[in-house]
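Undergrad: Just so it is clear, I am handing over protein.txt, which has compact mmCIF, C-alpha atoms and all ligand atoms.
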```txt
# COMPACT_ATOMS: atom_id res chain seq x y z
CA MET A 1 9.55 304.51 8.43
CA ALA A 2 12.45 306.82 7.82
CA LEU A 3 15.62 306.69 5.81
CA THR A 4 18.93 307.28 7.53
CA LEU A 5 22.47 307.75 6.37
CA SER A 6 25.32 307.46 8.84
CA CYS A 7 28.27 309.67 8.03
CA ARG A 8 30.51 306.98 9.52
CA ASP A 9 29.41 304.54 6.82
CA LEU A 10 30.94 306.85 4.26
CA GLY A 11 34.34 306.67 5.90
CA GLU A 12 34.16 309.86 7.95
CA ASP A 13 35.03 309.83 11.64
CA CYS A 14 31.76 311.52 12.47
CA HIS A 15 28.65 310.67 14.46
CA TYR A 16 26.19 312.55 12.28
CA VAL A 17 23.20 310.63 10.99
CA ALA A 18 21.17 312.27 8.23
CA ARG A 19 17.44 311.50 8.19
CA GLY A 20 14.55 311.92 5.83
CA GLU A 21 11.13 310.54 4.98
CA THR A 22 12.12 310.32 1.34
CA GLU A 23 15.40 309.87 -0.47
CA GLU A 24 15.22 313.49 -1.63
CA GLU A 25 14.83 314.73 1.95
CA LEU A 26 17.61 312.49 3.15
CA MET A 27 19.99 313.57 0.42
CA ALA A 28 19.25 317.23 1.08
CA ASP A 29 20.14 316.73 4.75
CA ALA A 30 23.24 314.68 3.92
CA ASP A 31 24.48 317.17 1.30
CA LYS A 32 24.03 320.07 3.71
CA HIS A 33 25.97 318.25 6.41
CA ALA A 34 28.73 317.15 4.03
CA LYS A 35 29.25 320.73 2.90
CA GLU A 36 29.06 322.35 6.34
CA ALA A 37 30.95 319.76 8.36
CA HIS A 38 33.34 318.25 5.85
CA GLY A 39 33.88 320.95 3.27
CA PHE A 40 32.54 318.98 0.30
CA THR A 41 31.69 320.96 -2.81
CA ASP A 42 28.58 320.59 -4.99
CA GLU A 43 30.81 319.18 -7.72
CA GLN A 44 32.11 316.45 -5.40
CA LEU A 45 28.62 315.62 -4.16
CA LYS A 46 27.18 315.38 -7.68
CA ASP A 47 29.88 312.98 -8.79
CA PRO A 48 28.18 309.73 -9.93
CA GLU A 49 30.63 307.55 -7.96
CA MET A 50 29.94 309.59 -4.82
CA ARG A 51 26.19 309.31 -5.44
CA LYS A 52 26.50 305.55 -5.76
CA GLN A 53 28.47 305.27 -2.51
CA ILE A 54 25.98 307.45 -0.67
CA LYS A 55 22.97 305.53 -1.96
CA ALA A 56 24.57 302.22 -1.02
CA ALA A 57 24.92 303.45 2.57
CA ILE A 58 21.26 304.47 3.00
CA LYS A 59 19.37 302.45 5.61
CA LYS A 60 15.64 302.10 6.20
CA GLU A 61 14.38 302.33 9.76
ZN ZN B 101 29.82 313.98 9.09
```
Would you give me this structure, written as structure tokens?

TA:
Amino acid sequence: MALTLSCRDLGEDCHYVARGETEEELMADADKHAKEAHGFTDEQLKDPEMRKQIKAAIKKE
């Protein structure tokens, strides 16, 4: 089983799907993508509201 997070589910017009075996792995992948592809800053990504939105969009496969 893996965890996935579709960038599209966070309102971005983007086909990227972050993956990880654990939530930590998944978030590391998602954070890296958000910074590289969408110009998010660490401050934006650490925002509790943002964290909540991201966690709500995580799917188990
Ligand atoms: Zn994206």

Undergrad: Any chance you could tabulate, as CSV, the residues of chain A at most 7 Å from ligand ZN 101 (chain B) with each one's nearest atom pair and distance in Å to one decimal, using all atoms listed in the file, in chain and rising number order?

TA:
```
residue,atom,partner,partner_atom,distance
A:Cys7,CA,B:ZN101,ZN,4.7
A:Glu12,CA,B:ZN101,ZN,6.1
A:Cys14,CA,B:ZN101,ZN,4.6
A:His15,CA,B:ZN101,ZN,6.4
A:Tyr16,CA,B:ZN101,ZN,5.0
A:His33,CA,B:ZN101,ZN,6.3
A:Ala34,CA,B:ZN101,ZN,6.1
A:Ala37,CA,B:ZN101,ZN,5.9
A:His38,CA,B:ZN101,ZN,6.4
```

Undergrad: Would you save the residues of that selection, restricted to C-alpha atoms, as a CSV table (one decimal), keeping the file's coordinate frame?

TA:
```csv
chain,number,residue,atom,x,y,z
A,7,CYS,CA,28.3,309.7,8.0
A,12,GLU,CA,34.2,309.9,8.0
A,14,CYS,CA,31.8,311.5,12.5
A,15,HIS,CA,28.6,310.7,14.5
A,16,TYR,CA,26.2,312.6,12.3
A,33,HIS,CA,26.0,318.2,6.4
A,34,ALA,CA,28.7,317.2,4.0
A,37,ALA,CA,31.0,319.8,8.4
A,38,HIS,CA,33.3,318.2,5.8
```

Undergrad: My list of candidates is A:Asp47, A:Ala2, A:Lys60, A:Arg8. Which is closest to Gly20 of chain A when distances are computed with all atoms listed in the file?

TA: A:Ala2

Undergrad: Under the rule that all atoms listed in the file are counted, which of A:Glu49, A:Glu61, A:Glu43, A:Asp9 is the nearest residue to Asp31 of chain A?

TA: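 Ranking A:Glu49, A:Glu61, A:Glu43, A:Asp9 by distance to Asp31 of chain A, first place goes to A:Glu43.
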
Undergrad: For Met27 of chain A, which residue among A:Gly39, A:Met1, A:Gly11, A:Lys46 is the nearest when counting only C-alpha atoms?

TA: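 Checking each candidate against Met27 of chain A, we get A:Lys46 as the closest.
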
Undergrad: Could you tell me which of A:Met50, A:Asp42, A:Val17, A:Leu3 comes closest to Ala30 of chain A if we count all atoms listed in the file?

TA: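 Among the listed residues, the smallest separation from Ala30 of chain A belongs to A:Val17.
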
Undergrad: Identify which of the residues A:Lys59, A:Gln53, A:Ala18, A:Asp13 lies closest to Lys32 of chain A, counting all atoms listed in the file when measuring atom-to-atom distances.

TA: A:Ala18

Undergrad: To one decimal in Å, tell me the separation between atom CA of Asp29 of chain A and atom CA of Lys52 of chain A.

TA: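 A separation of 16.6 Å between them.
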
Undergrad: Can you pull out the residues contacting Ala57 of chain A? Cut-off 8 Å, using all atoms listed in the file, and skip same-chain residues under 5 positions away; I want them as a list in words.

TA: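 Near Ala57 of chain A, the qualifying residues are Leu5, Ser6, Asp9 and Leu10 of chain A.
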
Undergrad: Write out as lines of an AutoDock Vina configuration file an axis-aligned box for segment 20-38 of chain A: all of its atoms listed in the file, 8 Å added on each side, centre and edge lengths in Å with one decimal.

TA:
```
center_x = 22.2
center_y = 316.1
center_z = 3.4
size_x = 38.2
size_y = 28.5
size_z = 26.0
```

Undergrad: So how far away is atom CA of Glu21 of chain A from atom CA of Thr41 of chain A, in Å?

TA: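 Value for the atom CA of Thr41 of chain A-atom CA of Glu21 of chain A distance: 24.3 Å.
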
Undergrad: Could you pull chain A out of the structure I just pasted and write it to a file containing C-alpha atoms, as a PDB file, in the first residue's frame?

TA:
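The new file result.pdb reads:
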```pdb
ATOM      1  CA  MET A   1       0.000   0.000   0.000  1.00  0.00           C
ATOM      2  CA  ALA A   2       1.176   3.479  -0.795  1.00  0.00           C
ATOM      3  CA  LEU A   3      -0.022   6.965  -0.061  1.00  0.00           C
ATOM      4  CA  THR A   4      -0.614   9.359  -2.922  1.00  0.00           C
ATOM      5  CA  LEU A   5      -1.380  13.026  -3.186  1.00  0.00           C
ATOM      6  CA  SER A   6      -2.648  14.457  -6.446  1.00  0.00           C
ATOM      7  CA  CYS A   7      -1.584  18.025  -7.066  1.00  0.00           C
ATOM      8  CA  ARG A   8      -4.885  18.548  -8.879  1.00  0.00           C
ATOM      9  CA  ASP A   9      -6.783  17.861  -5.655  1.00  0.00           C
ATOM     10  CA  LEU A  10      -5.118  20.912  -4.156  1.00  0.00           C
ATOM     11  CA  GLY A  11      -6.468  23.173  -6.866  1.00  0.00           C
ATOM     12  CA  GLU A  12      -3.423  23.227  -9.139  1.00  0.00           C
ATOM     13  CA  ASP A  13      -3.776  22.554 -12.853  1.00  0.00           C
ATOM     14  CA  CYS A  14      -1.065  19.929 -12.673  1.00  0.00           C
ATOM     15  CA  HIS A  15      -0.813  16.190 -13.276  1.00  0.00           C
ATOM     16  CA  TYR A  16       1.811  15.494 -10.636  1.00  0.00           C
ATOM     17  CA  VAL A  17       1.043  12.786  -8.109  1.00  0.00           C
ATOM     18  CA  ALA A  18       3.300  12.607  -5.061  1.00  0.00           C
ATOM     19  CA  ARG A  19       3.853   9.145  -3.576  1.00  0.00           C
ATOM     20  CA  GLY A  20       5.253   7.667  -0.416  1.00  0.00           C
ATOM     21  CA  GLU A  21       5.138   4.599   1.787  1.00  0.00           C
ATOM     22  CA  THR A  22       4.618   6.792   4.824  1.00  0.00           C
ATOM     23  CA  GLU A  23       3.080  10.194   5.372  1.00  0.00           C
ATOM     24  CA  GLU A  24       6.552  11.624   6.012  1.00  0.00           C
ATOM     25  CA  GLU A  25       7.824  10.288   2.680  1.00  0.00           C
ATOM     26  CA  LEU A  26       4.755  11.538   0.882  1.00  0.00           C
ATOM     27  CA  MET A  27       4.971  14.995   2.398  1.00  0.00           C
ATOM     28  CA  ALA A  28       8.666  15.250   1.546  1.00  0.00           C
ATOM     29  CA  ASP A  29       7.867  14.454  -2.089  1.00  0.00           C
ATOM     30  CA  ALA A  30       4.881  16.815  -2.150  1.00  0.00           C
ATOM     31  CA  ASP A  31       6.815  19.682  -0.528  1.00  0.00           C
ATOM     32  CA  LYS A  32       9.675  19.284  -2.984  1.00  0.00           C
ATOM     33  CA  HIS A  33       7.281  19.351  -5.921  1.00  0.00           C
ATOM     34  CA  ALA A  34       5.314  22.313  -4.566  1.00  0.00           C
ATOM     35  CA  LYS A  35       8.507  24.327  -4.208  1.00  0.00           C
ATOM     36  CA  GLU A  36      10.075  23.345  -7.535  1.00  0.00           C
ATOM     37  CA  ALA A  37       6.979  23.392  -9.725  1.00  0.00           C
ATOM     38  CA  HIS A  38       4.749  25.961  -8.060  1.00  0.00           C
ATOM     39  CA  GLY A  39       7.123  28.276  -6.243  1.00  0.00           C
ATOM     40  CA  PHE A  40       5.748  27.630  -2.749  1.00  0.00           C
ATOM     41  CA  THR A  41       7.925  28.716   0.155  1.00  0.00           C
ATOM     42  CA  ASP A  42       8.654  26.735   3.340  1.00  0.00           C
ATOM     43  CA  GLU A  43       6.579  29.279   5.251  1.00  0.00           C
ATOM     44  CA  GLN A  44       3.561  28.658   3.011  1.00  0.00           C
ATOM     45  CA  LEU A  45       3.967  24.888   3.239  1.00  0.00           C
ATOM     46  CA  LYS A  46       4.260  24.922   7.034  1.00  0.00           C
ATOM     47  CA  ASP A  47       1.086  26.935   7.428  1.00  0.00           C
ATOM     48  CA  PRO A  48      -1.380  24.877   9.538  1.00  0.00           C
ATOM     49  CA  GLU A  49      -4.274  25.559   7.137  1.00  0.00           C
ATOM     50  CA  MET A  50      -2.146  24.397   4.206  1.00  0.00           C
ATOM     51  CA  ARG A  51      -1.113  21.293   6.167  1.00  0.00           C
ATOM     52  CA  LYS A  52      -4.750  20.502   6.869  1.00  0.00           C
ATOM     53  CA  GLN A  53      -5.714  20.873   3.198  1.00  0.00           C
ATOM     54  CA  ILE A  54      -2.821  18.684   2.090  1.00  0.00           C
ATOM     55  CA  LYS A  55      -3.588  15.965   4.634  1.00  0.00           C
ATOM     56  CA  ALA A  56      -7.252  15.951   3.644  1.00  0.00           C
ATOM     57  CA  ALA A  57      -6.238  15.261   0.033  1.00  0.00           C
ATOM     58  CA  ILE A  58      -4.024  12.241   0.812  1.00  0.00           C
ATOM     59  CA  LYS A  59      -5.295   8.969  -0.637  1.00  0.00           C
ATOM     60  CA  LYS A  60      -4.345   5.391   0.205  1.00  0.00           C
ATOM     61  CA  GLU A  61      -3.714   2.997  -2.661  1.00  0.00           C
TER      62      GLU A  61
END
```
